Amino acid sequence: MLVPIFTLKLNHKINPRMVSVGKYDGIHPCLTAATQAGKVFIHNPHTRGQRVSANRLVQSSHDSDISLLNINQSVSCLTAGPLDPQLGCDSLIVGTQTNLLAYDVHNNSDLFYKEIADGANAVVLGKLGDISSPLALIGGNCALQGFDRSGSDMFWTVTGDNVRSLALCDFDGDGKKELLVGSEDFDIRVFKEDEIVAEMTETETITSLCPMYGSRFGYALSNGTVGVYDRTSRYWRIKSKNLAMSIHAFDLNSDGVCELITGWSNGKIDARSDRTGEVIFKDNFSSSVAGVVEGDYRMDGKMQLICCSIDGEVRGYLPSSQEAAGSLLDTSVEQELVRELSQKKQNLLLELKNYQENTKAESRVQASEPDGQMGVIPANTQLQTALSVSLGTDTRAAHVELSISTSNDTIIRAVLIFAEGIFEGESHVVHPSAQHLTGRIRVPICPPKDVPVDLHIKAFVGYRSSVQFHVFELTRQLPRFSMYVLSNSASAPEPTSHVNFTISERVQRVVLWLNQNFLLPEDTEMQSMPFQISFTSLRDGGTLLIRMKSNGEISVQTDDMDLAGDIIQSLASFLAIEDLNVEADFPKYFDHLRNVLVQVDESHSVHQKLTADMAEQSSVVRSMLVQAEDSRLMRDIKNMRKRYTELYDLNRDLINRYKIRCNNHTELINNLKCVNQAIQRAGRLRVGKPKVQVIAACRDAIRNNNINALFRIMRVGATPS
């Protein structure tokens with residue numbers, strides 16, 4: 001168990017994942033957190049008795065150690081750190097759904113206050129890549145932005161979906177930080193400045209990310225999963241029925257390696273080994289954990305792990321000494337060895353018991369049915385798998401079919417399949433009834449996204465009379481584009497959209513890519529040039545045509561822009577193409593995007609008009625209120641009633657206008673998301689430098705309101721400046 005070295009009880013409710021520690025005077029660490037009332041509290045027990053001047057920051061009337069920063073909006077994220085190196089102290093960064101505030105707490109003044117159209121769902125502060133100054137990096141509505149100390153927009157790019165978590169980590173080991181981005185489309189993307197260098201697909205929304213050391217980082221999902229990655233390889237993960245509210249890397253046992261500290265929704269705090277995920281320490285709060293941070297809060301030169309609950313309880317934990325950690329490590333090694341030997345003993349005893357029961361069953365079968373099948377299966381029994389495409393029936397939609405069969409007359413009693421992102425709960429069990437036991441089981445599979453998936457299969461194999469069954473384990477990979485069935489190109493309707501590009505590769509290499517990524521029949525031949533192959537989507541019935549000419553020109557025809565991007569990224573990765581520009585035309589999608597851009601302009605105009613009208617009406621309200629109060633003081637009841645009636649009507653009108661403004665803002669946010677996703681899709685049609693150039697050029701075109709240039713860039717790519 002963890003034993004806290006200090007405990008605080010603060011009279012403020014804390015928002016989950018909105019806790020930080022900052023040295024706002026350059027010396028004293030202050031615990032900072034967002035509350036549910038649109039405020040940020042700053043706990044500073046080191047300078048008691050010093051009153052702050054009146055501005056945004058005011059002293060709490062209940063606790064002299066706490067100052068309150070009025071945001072007057074629901075806080076969506078916050079962090080603290082050195083934004084302006086010249087100040088010599090940390091700055092406070094607070095994000096809402098419409099604004100970003102950078103605040104100098106020590107001088108009680110704004111560094112900058114920016115309106116953010118895409119909102120701020122997550123924020124991280126630090127240096128990114130070769131950008132010299134520290135940036136406040138925020139993730140919002142499919143967009144990433146970075147602001148320096150003056151509020152200048154130094155970084156901007158788009159990502160696939162709404163951002164939920166950010167972290168800075170030296171992902172590739174070059175001594176410079178990359179930006180890790182977790183979003184609602186279940187992807188962790190790694191940005192080297194504005195270029196995506198890696199993508200990892202998870203099974204749920206990524207709610208938290210934290211750097212550990214080197215290229216290793218921790219992550220948490222909205223389904224209760226936490227784990228550790230080293231670059232693109234997952235070290236381990238565990239799944240809980242509770243939600244991981246906050247994660248942080250901290251060396252609690254003084255072994256020189258950070259553990260992954262997790263705060264859970266049931267109030268539990270645990271520290272897990274970065275290598276195995278085994279729990280090393282744990283503690284419990286009476287309510288859900290809001291945040292896990294670190295700081296030298298006792299000012300004694302030692303860093304403490306600081307954990308906060310949503311009810312305002314704060315506990316600080318000190319790492320164990322190296323001597324205690326060493327003895328604890330020796331004890332844990334001995335316990336681990338005993339545990340391993342005990343587990344081996346139990347497994348051997350269980351195996352012996354199974355053999356004995358099988359022998360008894362075999363004897364019974366031989367006694368009753370001399371020619372019958374024995375309980376022990378033949379030594380050459382094999383488990384075979386095959387993947388095929390089923391076009392579906394009246395009762396079942398089109399799907400991929402996994403066939404699992406044995407190589408002899410044995411039967412399959414049950415099958416367990418584990419696959420991320422395909423089955424609800426990530427696993428699927430098939431358990432046929434006794435009358436339907438055969439040597440073959442067919443499992444329908446409908447992957448929701450075009451990503452390669454490893455199917456981990458366990459099957460119980462034996463005979464009908466068997467009491468004990470043999471477990472066969474194997475892994476089969478589901479190809480990335482398995483939900484596309486080969487069709488007759490002559491009869492398939494030709495899509496109106498296309499992507500064209502040229503590569504210097506032999507046709508055999510492209511054919512090899514097709515065989516690895518699609519479920520093609522074995523007798524499919526495509527060696528002749530030019531070749532054409534047609535597929536039909538099992539999801540929506542759309543057509544995909546791929547053509548290749550002898551000069552290396554490839555044409556991909558599909559009305560699905562996301563599919564075209566996935567195919568280009570997959571092919572470029574397989575052929576190790578670093579830079580690839582394309583010509584693209586998606587008439588229907590571009591028409592839709594043009595309408596969205598018109599709606600964005602209209603929403604901006606309505607927003608400005610409503611804001612001006614509400615400001616004007618607010619001044620009328622103040623004037624009318626003064627007149628009504630004057631009438632009351634002069635006991636002019638008739639005029640007083642008249643003024644208050646008018647005031648009531650005006651206030652009702654103001655409320656209605658505010659509702660219209662809120663609906664307009666929601667519509668604007670949704671349309672901006674569509675625009676950002678369109679830029680992301682246009683970028684995914686390219687690889688390497690052309691991809692980065694297209695995203696930057698699209699943003700410049702939108703900033704300059706040059707819609708024609710925007711669509712030209714999406715079609716032919718950006719012209720290098």
# chains A, B, ... in the order shown; residues from 1 in each chain; ligands from 1
$ residues_around --residues "A:Leu57" --least-positions-apart "6" --cutoff "10 Å" --atoms "only C-alpha atoms" --output "mmCIF file with all heavy atoms, in the first residue's frame"
data_model
loop_
_atom_site.group_PDB
_atom_site.id
_atom_site.type_symbol
_atom_site.label_atom_id
_atom_site.label_comp_id
_atom_site.auth_asym_id
_atom_site.auth_seq_id
_atom_site.Cartn_x
_atom_site.Cartn_y
_atom_site.Cartn_z
ATOM 1 N N LYS A 39 -14.529 28.282 -12.729
ATOM 2 C CA LYS A 39 -13.401 28.948 -12.071
ATOM 3 C C LYS A 39 -12.191 28.019 -12.065
ATOM 4 O O LYS A 39 -12.314 26.807 -12.219
ATOM 5 C CB LYS A 39 -13.756 29.343 -10.623
ATOM 6 C CG LYS A 39 -14.804 30.432 -10.485
ATOM 7 C CD LYS A 39 -15.033 30.741 -9.024
ATOM 8 C CE LYS A 39 -15.926 31.970 -8.831
ATOM 9 N NZ LYS A 39 -17.275 31.767 -9.357
ATOM 10 N N VAL A 40 -11.026 28.620 -11.872
ATOM 11 C CA VAL A 40 -9.785 27.872 -11.667
ATOM 12 C C VAL A 40 -9.242 28.282 -10.311
ATOM 13 O O VAL A 40 -9.088 29.473 -10.029
ATOM 14 C CB VAL A 40 -8.752 28.180 -12.773
ATOM 15 C CG1 VAL A 40 -7.412 27.534 -12.442
ATOM 16 C CG2 VAL A 40 -9.248 27.688 -14.127
ATOM 17 N N PHE A 41 -8.987 27.301 -9.424
ATOM 18 C CA PHE A 41 -8.406 27.659 -8.129
ATOM 19 C C PHE A 41 -6.911 27.362 -8.123
ATOM 20 O O PHE A 41 -6.442 26.415 -8.739
ATOM 21 C CB PHE A 41 -9.134 26.976 -6.963
ATOM 22 C CG PHE A 41 -8.803 25.527 -6.749
ATOM 23 C CD1 PHE A 41 -7.590 25.130 -6.181
ATOM 24 C CD2 PHE A 41 -9.715 24.537 -7.081
ATOM 25 C CE1 PHE A 41 -7.294 23.804 -5.961
ATOM 26 C CE2 PHE A 41 -9.423 23.201 -6.874
ATOM 27 C CZ PHE A 41 -8.203 22.839 -6.317
ATOM 28 N N ILE A 42 -6.172 28.217 -7.423
ATOM 29 C CA ILE A 42 -4.715 28.086 -7.286
ATOM 30 C C ILE A 42 -4.406 27.994 -5.806
ATOM 31 O O ILE A 42 -4.653 28.944 -5.043
ATOM 32 C CB ILE A 42 -3.985 29.282 -7.929
ATOM 33 C CG1 ILE A 42 -4.310 29.340 -9.429
ATOM 34 C CG2 ILE A 42 -2.479 29.180 -7.706
ATOM 35 C CD1 ILE A 42 -3.873 30.623 -10.094
ATOM 36 N N SER A 67 -6.506 31.097 -4.266
ATOM 37 C CA SER A 67 -6.947 32.217 -5.101
ATOM 38 C C SER A 67 -7.803 31.647 -6.225
ATOM 39 O O SER A 67 -7.560 30.535 -6.701
ATOM 40 C CB SER A 67 -5.745 32.959 -5.695
ATOM 41 O OG SER A 67 -4.898 33.440 -4.667
ATOM 42 N N LEU A 68 -8.795 32.422 -6.646
ATOM 43 C CA LEU A 68 -9.729 31.968 -7.668
ATOM 44 C C LEU A 68 -9.607 32.821 -8.914
ATOM 45 O O LEU A 68 -9.570 34.047 -8.839
ATOM 46 C CB LEU A 68 -11.172 32.018 -7.150
ATOM 47 C CG LEU A 68 -11.504 31.060 -5.999
ATOM 48 C CD1 LEU A 68 -12.898 31.339 -5.466
ATOM 49 C CD2 LEU A 68 -11.401 29.614 -6.457
ATOM 50 N N LEU A 69 -9.527 32.148 -10.045
ATOM 51 C CA LEU A 69 -9.469 32.823 -11.338
ATOM 52 C C LEU A 69 -10.817 32.621 -12.029
ATOM 53 O O LEU A 69 -11.199 31.497 -12.339
ATOM 54 C CB LEU A 69 -8.337 32.225 -12.179
ATOM 55 C CG LEU A 69 -8.040 32.880 -13.528
ATOM 56 C CD1 LEU A 69 -7.533 34.298 -13.339
ATOM 57 C CD2 LEU A 69 -7.017 32.057 -14.304
ATOM 58 N N ASN A 70 -11.550 33.720 -12.242
ATOM 59 C CA ASN A 70 -12.865 33.636 -12.868
ATOM 60 C C ASN A 70 -12.722 33.525 -14.382
ATOM 61 O O ASN A 70 -12.215 34.434 -15.028
ATOM 62 C CB ASN A 70 -13.701 34.870 -12.513
ATOM 63 C CG ASN A 70 -14.176 34.841 -11.069
ATOM 64 O OD1 ASN A 70 -14.745 33.859 -10.631
ATOM 65 N ND2 ASN A 70 -13.924 35.905 -10.331
ATOM 66 N N ILE A 71 -13.192 32.424 -14.936
ATOM 67 C CA ILE A 71 -13.164 32.217 -16.382
ATOM 68 C C ILE A 71 -14.528 32.554 -16.986
ATOM 69 O O ILE A 71 -14.634 32.983 -18.128
ATOM 70 C CB ILE A 71 -12.772 30.764 -16.721
ATOM 71 C CG1 ILE A 71 -11.424 30.413 -16.065
ATOM 72 C CG2 ILE A 71 -12.689 30.562 -18.224
ATOM 73 C CD1 ILE A 71 -10.264 31.283 -16.507
ATOM 74 N N TYR A 103 -2.160 33.080 -18.830
ATOM 75 C CA TYR A 103 -2.231 34.006 -17.703
ATOM 76 C C TYR A 103 -0.929 34.015 -16.909
ATOM 77 O O TYR A 103 -0.337 32.963 -16.628
ATOM 78 C CB TYR A 103 -3.385 33.597 -16.783
ATOM 79 C CG TYR A 103 -3.850 34.694 -15.860
ATOM 80 C CD1 TYR A 103 -4.531 35.796 -16.353
ATOM 81 C CD2 TYR A 103 -3.609 34.626 -14.493
ATOM 82 C CE1 TYR A 103 -4.975 36.809 -15.514
ATOM 83 C CE2 TYR A 103 -4.036 35.624 -13.639
ATOM 84 C CZ TYR A 103 -4.717 36.709 -14.159
ATOM 85 O OH TYR A 103 -5.137 37.710 -13.321
ATOM 86 N N VAL A 105 0.134 34.457 -13.514
ATOM 87 C CA VAL A 105 -0.489 34.441 -12.194
ATOM 88 C C VAL A 105 0.229 35.380 -11.232
ATOM 89 O O VAL A 105 -0.401 36.100 -10.457
ATOM 90 C CB VAL A 105 -0.514 32.996 -11.637
ATOM 91 C CG1 VAL A 105 -1.051 32.970 -10.214
ATOM 92 C CG2 VAL A 105 -1.346 32.096 -12.544
ATOM 93 N N HIS A 106 1.565 35.406 -11.276
ATOM 94 C CA HIS A 106 2.333 36.203 -10.317
ATOM 95 C C HIS A 106 2.020 37.693 -10.458
ATOM 96 O O HIS A 106 1.864 38.407 -9.457
ATOM 97 C CB HIS A 106 3.824 35.949 -10.524
ATOM 98 C CG HIS A 106 4.704 36.639 -9.522
ATOM 99 N ND1 HIS A 106 4.632 36.381 -8.168
ATOM 100 C CD2 HIS A 106 5.677 37.589 -9.681
ATOM 101 C CE1 HIS A 106 5.516 37.141 -7.529
ATOM 102 N NE2 HIS A 106 6.157 37.877 -8.424
ATOM 103 N N ASN A 107 1.916 38.161 -11.707
ATOM 104 C CA ASN A 107 1.614 39.575 -11.945
ATOM 105 C C ASN A 107 0.121 39.832 -12.149
ATOM 106 O O ASN A 107 -0.282 40.971 -12.404
ATOM 107 C CB ASN A 107 2.387 40.073 -13.175
ATOM 108 C CG ASN A 107 3.887 40.064 -12.944
ATOM 109 O OD1 ASN A 107 4.361 40.524 -11.904
ATOM 110 N ND2 ASN A 107 4.634 39.509 -13.890
ATOM 111 N N ASN A 108 -0.675 38.764 -12.044
ATOM 112 C CA ASN A 108 -2.126 38.884 -12.156
ATOM 113 C C ASN A 108 -2.531 39.612 -13.436
ATOM 114 O O ASN A 108 -3.278 40.587 -13.412
ATOM 115 C CB ASN A 108 -2.697 39.606 -10.924
ATOM 116 C CG ASN A 108 -4.182 39.337 -10.750
ATOM 117 O OD1 ASN A 108 -4.778 38.601 -11.536
ATOM 118 N ND2 ASN A 108 -4.764 39.934 -9.736
ATOM 119 N N SER A 109 -2.028 39.122 -14.570
ATOM 120 C CA SER A 109 -2.325 39.797 -15.837
ATOM 121 C C SER A 109 -2.373 38.767 -16.969
ATOM 122 O O SER A 109 -1.759 37.697 -16.887
ATOM 123 C CB SER A 109 -1.262 40.848 -16.150
ATOM 124 O OG SER A 109 0.023 40.242 -16.290
#
$ select_by_dssp --residues "stretch 66-156 of chain A" --states "strand (DSSP E)" --output "ChimeraX atom specification"
/A:66-70,77-81,91-95,99-104,109-115,122-126,135-139,143-147,153-156
$ residues_around --residues "stretch 573-586 of chain A" --least-positions-apart "4" --cutoff "8 Å" --atoms "only C-alpha atoms" --output "ChimeraX atom specification"
/A:496-501,509,513,559,561,569,590,685-691,714-717
$ residues_around --residues "A:Met303" --least-positions-apart "5" --cutoff "7 Å" --atoms "only C-alpha atoms" --output "list in words"
Glu294, Gly295 and Asp296 of chain A
$ write_last_selection --atoms "all heavy atoms" --output "compact mmCIF listing (two decimals), in the first residue's frame"
# COMPACT_ATOMS: atom_id res chain seq x y z
N GLU A 294 2.84 15.86 -10.30
CA GLU A 294 3.99 15.77 -9.41
C GLU A 294 4.56 17.16 -9.15
O GLU A 294 4.36 18.09 -9.94
CB GLU A 294 5.07 14.87 -9.99
CG GLU A 294 5.72 15.40 -11.27
CD GLU A 294 6.82 14.47 -11.77
OE1 GLU A 294 6.51 13.46 -12.42
OE2 GLU A 294 8.00 14.80 -11.50
N GLY A 295 5.25 17.31 -8.02
CA GLY A 295 5.88 18.58 -7.69
C GLY A 295 6.53 18.51 -6.31
O GLY A 295 6.17 17.65 -5.49
N ASP A 296 7.47 19.39 -6.08
CA ASP A 296 8.12 19.48 -4.76
C ASP A 296 7.24 20.36 -3.87
O ASP A 296 7.56 21.51 -3.59
CB ASP A 296 9.53 20.06 -4.92
CG ASP A 296 10.27 20.15 -3.59
OD1 ASP A 296 9.77 19.59 -2.59
OD2 ASP A 296 11.34 20.80 -3.55
$ residues_around --residues "stretch 143-151 of chain A" --least-positions-apart "2" --cutoff "7 Å" --atoms "only C-alpha atoms" --output "number ranges by chain"
A: 83-84, 111-112, 118, 133-141, 153-159, 676
$ residues_around --residues "A:Glu278" --least-positions-apart "5" --cutoff "10 Å" --atoms "only C-alpha atoms" --output "ChimeraX atom specification"
/A:236,238,259,270-273
